[in-house]
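What follows is my_file-v2.csv (CSV, C-alpha atoms).
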chain,number,residue,atom,x,y,z
A,1,MET,CA,79.3,79.2,38.9
A,2,ASN,CA,75.7,78.0,39.0
A,3,SER,CA,73.3,77.7,36.0
A,4,ILE,CA,71.5,80.9,37.1
A,5,SER,CA,74.6,82.9,37.0
A,6,VAL,CA,75.6,81.5,33.6
A,7,ARG,CA,72.1,82.3,32.2
A,8,ALA,CA,72.3,85.8,33.6
A,9,LEU,CA,75.8,86.3,32.1
A,10,LEU,CA,74.6,85.0,28.8
A,11,VAL,CA,71.7,87.4,28.7
A,12,ARG,CA,74.0,90.3,29.6
A,13,GLY,CA,76.4,89.3,27.0
A,14,MET,CA,73.8,89.4,24.3
A,15,LEU,CA,72.5,92.7,25.5
A,16,ALA,CA,76.1,94.1,25.6
A,17,GLY,CA,76.6,92.8,22.1
A,18,LEU,CA,73.4,94.5,20.9
A,19,ALA,CA,74.4,97.8,22.6
A,20,ALA,CA,78.0,97.6,21.2
A,21,GLY,CA,76.5,97.0,17.8
A,22,VAL,CA,75.0,100.5,17.7
A,23,PRO,CA,78.2,102.5,17.5
A,24,ALA,CA,79.6,99.8,15.1
A,25,LEU,CA,76.5,100.3,13.0
A,26,LEU,CA,77.1,104.1,12.9
A,27,VAL,CA,80.7,103.6,11.8
A,28,ALA,CA,79.6,101.1,9.1
A,29,TYR,CA,76.9,103.5,7.8
A,30,LEU,CA,79.0,106.8,8.0
A,31,LEU,CA,82.3,105.4,6.8
A,32,GLY,CA,81.5,102.2,5.0
A,33,GLU,CA,78.5,102.8,2.9
A,34,SER,CA,80.2,105.5,0.8
A,35,LYS,CA,83.0,103.0,0.0
A,36,VAL,CA,80.4,100.3,-1.0
A,37,ASP,CA,78.6,102.8,-3.3
A,38,SER,CA,81.9,103.7,-5.0
A,39,ALA,CA,82.7,100.0,-5.5
A,40,ILE,CA,79.2,99.4,-6.9
A,41,ALA,CA,79.7,102.3,-9.3
A,42,TYR,CA,83.0,100.9,-10.5
A,43,GLU,CA,81.3,97.5,-11.0
A,44,ASP,CA,78.4,99.0,-12.9
A,45,GLY,CA,80.8,100.9,-15.1
A,46,HIS,CA,82.9,97.8,-16.0
A,47,SER,CA,80.2,95.2,-16.3
A,48,HIS,CA,77.6,94.6,-19.1
A,49,ASP,CA,75.5,92.2,-17.0
A,50,HIS,CA,73.9,94.2,-14.2
A,51,GLY,CA,71.3,91.6,-13.3
A,52,VAL,CA,68.1,92.2,-11.4
A,53,GLU,CA,68.2,94.2,-8.1
A,54,LEU,CA,66.0,92.2,-5.8
A,55,VAL,CA,66.6,94.5,-2.8
A,56,SER,CA,67.0,98.3,-3.3
A,57,ARG,CA,70.4,99.8,-2.5
A,58,THR,CA,68.6,102.2,0.0
A,59,LEU,CA,67.2,99.2,1.9
A,60,GLN,CA,70.5,97.4,1.9
A,61,ALA,CA,72.3,100.5,3.3
A,62,THR,CA,69.7,101.1,6.1
A,63,GLY,CA,67.5,98.2,7.3
A,64,GLY,CA,69.7,95.5,5.9
A,65,LEU,CA,72.9,96.9,7.4
A,66,ALA,CA,71.3,97.5,10.7
A,67,THR,CA,69.8,94.0,10.9
A,68,GLY,CA,73.1,92.4,9.9
A,69,VAL,CA,75.3,94.4,12.3
A,70,LEU,CA,73.0,94.1,15.3
A,71,ILE,CA,72.3,90.4,14.9
A,72,TYR,CA,76.0,89.9,14.5
A,73,GLY,CA,76.6,91.8,17.8
A,74,VAL,CA,74.0,89.8,19.7
A,75,ALA,CA,75.3,86.4,18.4
A,76,LEU,CA,79.0,87.2,19.1
A,77,GLY,CA,78.1,88.7,22.5
A,78,GLY,CA,76.4,85.5,23.5
A,79,ILE,CA,79.4,83.4,22.4
A,80,ALA,CA,81.8,85.7,24.2
A,81,ALA,CA,79.7,85.5,27.3
A,82,LEU,CA,80.0,81.7,27.4
A,83,ALA,CA,83.8,82.1,26.8
A,84,PHE,CA,83.8,84.5,29.8
A,85,CYS,CA,82.1,81.9,32.0
A,86,VAL,CA,84.8,79.4,31.1
A,87,ALA,CA,87.7,81.8,31.5
A,88,LEU,CA,86.6,83.6,34.7
A,89,GLY,CA,89.0,82.6,37.5
A,90,ARG,CA,91.0,80.3,35.3
A,91,VAL,CA,93.1,83.0,33.5
A,92,GLY,CA,95.3,84.5,36.2
A,93,GLY,CA,93.8,86.4,39.0
A,94,PHE,CA,91.7,88.7,36.9
A,95,GLY,CA,88.3,90.0,38.0
A,96,PRO,CA,85.2,90.2,35.9
A,97,ARG,CA,86.0,93.5,34.2
A,98,ALA,CA,89.6,92.5,33.3
A,99,THR,CA,88.4,89.1,32.1
A,100,ALA,CA,85.8,90.6,29.9
A,101,VAL,CA,88.3,92.9,28.3
A,102,LEU,CA,90.8,90.1,27.7
A,103,ILE,CA,88.0,87.9,26.2
A,104,SER,CA,87.1,90.8,23.9
A,105,LEU,CA,90.7,91.4,22.9
A,106,GLY,CA,91.3,87.7,22.3
A,107,ALA,CA,88.1,87.5,20.2
A,108,LEU,CA,89.0,90.5,18.1
A,109,LEU,CA,92.5,89.1,17.4
A,110,THR,CA,91.6,85.4,16.8
A,111,VAL,CA,88.2,85.7,15.2
A,112,TYR,CA,88.9,88.7,13.0
A,113,VAL,CA,92.4,90.2,12.8
A,114,VAL,CA,94.3,86.9,12.3
A,115,PRO,CA,92.0,85.7,9.5
A,116,PHE,CA,91.8,89.3,8.1
A,117,LEU,CA,95.6,89.4,7.6
A,118,LYS,CA,95.4,86.4,5.3
A,119,TYR,CA,92.0,87.0,3.7
A,120,PRO,CA,91.1,90.7,4.1
A,121,ALA,CA,87.6,92.0,3.5
A,122,ASN,CA,86.8,93.1,-0.1
A,123,PRO,CA,84.2,95.5,-1.4
A,124,PRO,CA,81.8,94.8,-4.3
A,125,ALA,CA,83.5,94.3,-7.7
A,126,VAL,CA,86.4,92.5,-6.0
A,127,GLY,CA,86.3,88.8,-6.3
A,128,ASP,CA,85.2,86.2,-8.9
A,129,PRO,CA,81.6,85.0,-8.4
A,130,ASP,CA,82.7,81.5,-9.4
A,131,THR,CA,85.1,81.2,-6.5
A,132,ILE,CA,82.8,82.5,-3.7
A,133,GLY,CA,82.4,79.1,-2.3
A,134,LYS,CA,86.1,78.4,-2.2
A,135,ARG,CA,86.8,81.9,-0.7
A,136,THR,CA,84.2,81.4,2.0
A,137,THR,CA,85.5,78.0,2.9
A,138,LEU,CA,89.1,79.2,3.2
A,139,TYR,CA,88.1,82.2,5.4
A,140,PHE,CA,86.1,80.1,7.8
A,141,LEU,CA,89.0,77.5,7.9
A,142,MET,CA,91.3,80.4,8.8
A,143,ILE,CA,89.0,81.4,11.7
A,144,ALA,CA,88.8,77.8,13.0
A,145,LEU,CA,92.6,77.5,12.9
A,146,SER,CA,93.1,80.8,14.6
A,147,VAL,CA,90.6,80.0,17.5
A,148,LEU,CA,91.9,76.4,18.0
A,149,LEU,CA,95.6,77.5,18.0
A,150,ALA,CA,94.7,80.3,20.4
A,151,VAL,CA,93.2,77.8,22.8
A,152,GLY,CA,96.2,75.6,22.3
A,153,ALA,CA,98.5,78.5,23.1
A,154,LEU,CA,96.6,79.2,26.3
A,155,ILE,CA,96.9,75.5,27.4
A,156,LEU,CA,100.6,75.5,26.6
A,157,GLY,CA,101.2,78.7,28.5
A,158,ARG,CA,99.4,77.3,31.6
A,159,ARG,CA,101.5,74.1,31.5
A,160,LEU,CA,104.8,76.0,31.1
A,161,ALA,CA,104.0,78.6,33.8
A,162,PRO,CA,105.2,76.4,36.7
A,163,ARG,CA,108.6,75.8,35.1
A,164,LEU,CA,109.2,79.1,33.2
A,165,GLY,CA,107.1,81.6,35.2
A,166,ASN,CA,104.1,83.5,33.8
A,167,TRP,CA,106.1,86.0,31.7
A,168,TYR,CA,108.3,83.5,29.8
A,169,ALA,CA,105.4,81.0,29.5
A,170,THR,CA,103.3,83.7,27.9
A,171,VAL,CA,106.0,84.7,25.5
A,172,THR,CA,106.7,81.1,24.6
A,173,ALA,CA,103.1,80.3,24.0
A,174,GLY,CA,102.6,83.5,22.0
A,175,ALA,CA,105.6,82.8,19.8
A,176,ALA,CA,104.4,79.2,19.2
A,177,PHE,CA,101.0,80.6,18.1
A,178,ALA,CA,102.7,83.1,15.7
A,179,VAL,CA,104.9,80.5,14.2
A,180,VAL,CA,102.1,78.0,13.5
A,181,ILE,CA,99.8,80.8,12.2
A,182,GLY,CA,102.7,81.9,9.9
A,183,VAL,CA,102.9,78.3,8.6
A,184,ALA,CA,99.2,78.3,7.9
A,185,TYR,CA,99.5,81.6,6.1
A,186,ALA,CA,102.2,80.1,3.9
A,187,VAL,CA,100.4,76.8,3.2
A,188,LEU,CA,96.9,78.0,2.6
A,189,PRO,CA,96.3,79.3,-1.0
A,190,ALA,CA,96.4,83.1,-1.6
A,191,ILE,CA,93.4,84.8,-3.2
A,192,ASP,CA,94.2,87.7,-5.5
A,193,GLU,CA,91.1,88.6,-7.5
A,194,VAL,CA,91.3,92.4,-7.5
A,195,PRO,CA,90.4,93.5,-11.0
A,196,GLU,CA,92.9,95.5,-13.0
A,197,GLY,CA,92.2,99.2,-12.6
A,198,PHE,CA,90.3,98.9,-9.3
A,199,PRO,CA,91.2,102.0,-7.2
A,200,ALA,CA,93.8,100.9,-4.7
A,201,THR,CA,92.8,103.8,-2.3
A,202,LEU,CA,89.2,102.6,-2.3
A,203,LEU,CA,90.3,99.0,-1.5
A,204,TRP,CA,92.5,100.2,1.3
A,205,GLN,CA,89.8,102.5,2.8
A,206,PHE,CA,87.2,99.8,2.6
A,207,ARG,CA,89.4,97.3,4.5
A,208,LEU,CA,90.4,99.8,7.1
A,209,THR,CA,86.8,100.7,7.7
A,210,ALA,CA,85.9,97.0,8.1
A,211,LEU,CA,88.7,96.7,10.7
A,212,THR,CA,87.5,99.8,12.5
A,213,ILE,CA,83.9,98.4,12.7
A,214,GLN,CA,85.2,95.3,14.5
A,215,LEU,CA,87.4,97.4,16.8
A,216,VAL,CA,84.5,99.6,17.8
A,217,LEU,CA,82.3,96.6,18.3
A,218,TRP,CA,84.6,94.5,20.5
A,219,THR,CA,85.9,97.5,22.5
A,220,GLY,CA,82.4,98.6,23.3
A,221,PHE,CA,81.4,95.0,24.2
A,222,GLY,CA,84.4,94.5,26.5
A,223,LEU,CA,83.8,97.6,28.4
A,224,LEU,CA,80.1,97.3,28.7
A,225,TYR,CA,80.0,93.6,29.5
A,226,GLY,CA,82.7,93.9,32.1
A,227,HIS,CA,80.6,96.5,33.9
A,228,LEU,CA,77.5,94.3,33.7
A,229,ALA,CA,79.3,91.2,34.8
A,230,GLU,CA,81.0,93.1,37.7
A,231,ARG,CA,77.6,94.3,38.9
A,232,LEU,CA,76.2,90.8,38.8
A,233,LEU,CA,79.1,88.9,40.3
A,234,VAL,CA,80.5,91.6,42.7
A,235,PRO,CA,77.4,93.6,43.8
A,236,LYS,CA,79.2,95.4,46.6
A,237,ALA,CA,81.7,96.8,44.2
A,238,ALA,CA,78.8,98.3,42.2
A,239,SER,CA,77.6,100.2,45.3
A,240,GLY,CA,81.0,101.6,46.0
A,241,GLN,CA,81.8,99.2,48.9
A,242,GLN,CA,84.9,97.0,49.0
A,243,PRO,CA,84.1,93.3,48.6
A,244,ASP,CA,84.8,91.0,51.5
So that I can check it, write out the structure of this file as structure tokens.
Amino acid sequence: MNSISVRALLVRGMLAGLAAGVPALLVAYLLGESKVDSAIAYEDGHSHDHGVELVSRTLQATGGLATGVLIYGVALGGIAALAFCVALGRVGGFGPRATAVLISLGALLTVYVVPFLKYPANPPAVGDPDTIGKRTTLYFLMIALSVLLAVGALILGRRLAPRLGNWYATVTAGAAFAVVIGVAYAVLPAIDEVPEGFPATLLWQFRLTALTIQLVLWTGFGLLYGHLAERLLVPKAASGQQPD
């Protein structure tokens, strides 16, 4: 793959991430903001120090939310596009569309779901401000471990495939990934800072919404980017003709 193709795929990845960010933004606004408002109301009702509001809540829920989600989509779309360039033709015999979907699924699992199961998202009023540095460090450490172990599992699966076959090599690599991640879950410290009396239903709904946002973002990206990559790399397929 030449530098022109990589550049074109990178641009398409960023555009696909931006486009996928739009439905994710709608989910975040329609489902998530009400949960944030409820958490803020709980915090205001149980705190005597309200501080100074530097940015209005209205701006946070509109312009701030849109900026954060869309920039997040563009950035991750670019990173996923680079991963696509590395994976294309090296992961089985998958074409551009299937590779894009696999990259999206892998990113969703390794970058979000695996860290989420150990350190789930929390709404306002949940978490001690004095431990925010520690919590942030642990979360990003969990992301780094998940990504590195996923890469290691891929390498292990490829090396075992000639001896075990693709199916058993994949199962073995997946099991190894699960075992090591389980050890990481057990070794890394737990964080339990939910204040007494915080509504359990609100906490669950907020976390479920956060997971839904990511699912919408990565599903949209995988489908759209697969289409754009297919049109670029297999132009005859885009016109309805069979490639040579």
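The nearest approach to Gly197 in chain A among the residues A:Ile103, A:Ala39, A:Ile132, A:Leu70, with only C-alpha atoms taken into account, belongs to A:Ala39.
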Give me, please, the distance in Å between CA of Pro96 in chain A and CA of Leu160 in chain A, quoted to one decimal.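 Straight-line distance from CA of Pro96 in chain A to CA of Leu160 in chain A works out to 24.7 Å.
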Where does range 80-143 of chain A meet range 215-225 of chain A within 10 Å, residue by residue, with the nearest atom pair and distance in Å to one decimal for each, counting only C-alpha atoms, listed by chain and rising number, as a Markdown table?
| residue | atom | partner | partner_atom | distance |
| --- | --- | --- | --- | --- |
| A:Ala80 | CA | A:Phe221 | CA | 9.3 |
| A:Ala81 | CA | A:Tyr225 | CA | 8.4 |
| A:Phe84 | CA | A:Tyr225 | CA | 9.9 |
| A:Pro96 | CA | A:Tyr225 | CA | 8.9 |
| A:Arg97 | CA | A:Leu223 | CA | 7.4 |
| A:Ala98 | CA | A:Gly222 | CA | 8.8 |
| A:Thr99 | CA | A:Gly222 | CA | 8.7 |
| A:Ala100 | CA | A:Gly222 | CA | 5.4 |
| A:Val101 | CA | A:Gly222 | CA | 4.6 |
| A:Leu102 | CA | A:Gly222 | CA | 7.9 |
| A:Ile103 | CA | A:Gly222 | CA | 7.5 |
| A:Ser104 | CA | A:Gly222 | CA | 5.3 |
| A:Leu105 | CA | A:Trp218 | CA | 7.3 |
| A:Gly106 | CA | A:Trp218 | CA | 9.7 |
| A:Ala107 | CA | A:Trp218 | CA | 7.8 |
| A:Leu108 | CA | A:Trp218 | CA | 6.4 |
| A:Leu109 | CA | A:Leu215 | CA | 9.8 |
| A:Tyr112 | CA | A:Leu215 | CA | 9.6 |
| A:Val113 | CA | A:Leu215 | CA | 9.6 |
Would you compute the distance between CA of Leu149 in chain A and CA of Thr137 in chain A? Give it in Å to one decimal. 18.2 Å
Would you work out the distance separating CA of Leu203 in chain A from CA of Gly45 in chain A, expressed in Å to one decimal?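 One can read the CA of Leu203 in chain A to CA of Gly45 in chain A distance as 16.7 Å.
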Point out the residue among A:Val171, A:Leu117, A:Leu154, A:Ala229 with the least atom-to-atom distance to Ala190 in chain A, counting all atoms listed in the file.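 Comparing A:Val171, A:Leu117, A:Leu154, A:Ala229 against Ala190 in chain A, the winner is A:Leu117.
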What's the 9 Å shell around Leu76 in chain A, counting all atoms listed in the file, without same-chain residues fewer than 5 positions away, as number ranges by chain? A: 13-14, 17, 71, 81
Using all atoms listed in the file, which protein or nucleic acid residues come within 12 Å of Leu141 in chain A? Drop anything in the same chain fewer than 6 positions from it, and give the result as a PDB file with C-alpha atoms, in the frame of the given file.
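Output saved as out-v2.pdb:
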ATOM      1  CA  VAL A 111      88.200  85.700  15.200  1.00  0.00           C
ATOM      2  CA  VAL A 114      94.300  86.900  12.300  1.00  0.00           C
ATOM      3  CA  PRO A 115      92.000  85.700   9.500  1.00  0.00           C
ATOM      4  CA  LYS A 118      95.400  86.400   5.300  1.00  0.00           C
ATOM      5  CA  TYR A 119      92.000  87.000   3.700  1.00  0.00           C
ATOM      6  CA  LYS A 134      86.100  78.400  -2.200  1.00  0.00           C
ATOM      7  CA  ARG A 135      86.800  81.900  -0.700  1.00  0.00           C
ATOM      8  CA  VAL A 147      90.600  80.000  17.500  1.00  0.00           C
ATOM      9  CA  LEU A 148      91.900  76.400  18.000  1.00  0.00           C
ATOM     10  CA  ALA A 184      99.200  78.300   7.900  1.00  0.00           C
ATOM     11  CA  TYR A 185      99.500  81.600   6.100  1.00  0.00           C
ATOM     12  CA  LEU A 188      96.900  78.000   2.600  1.00  0.00           C
ATOM     13  CA  PRO A 189      96.300  79.300  -1.000  1.00  0.00           C
TER      14      PRO A 189
END
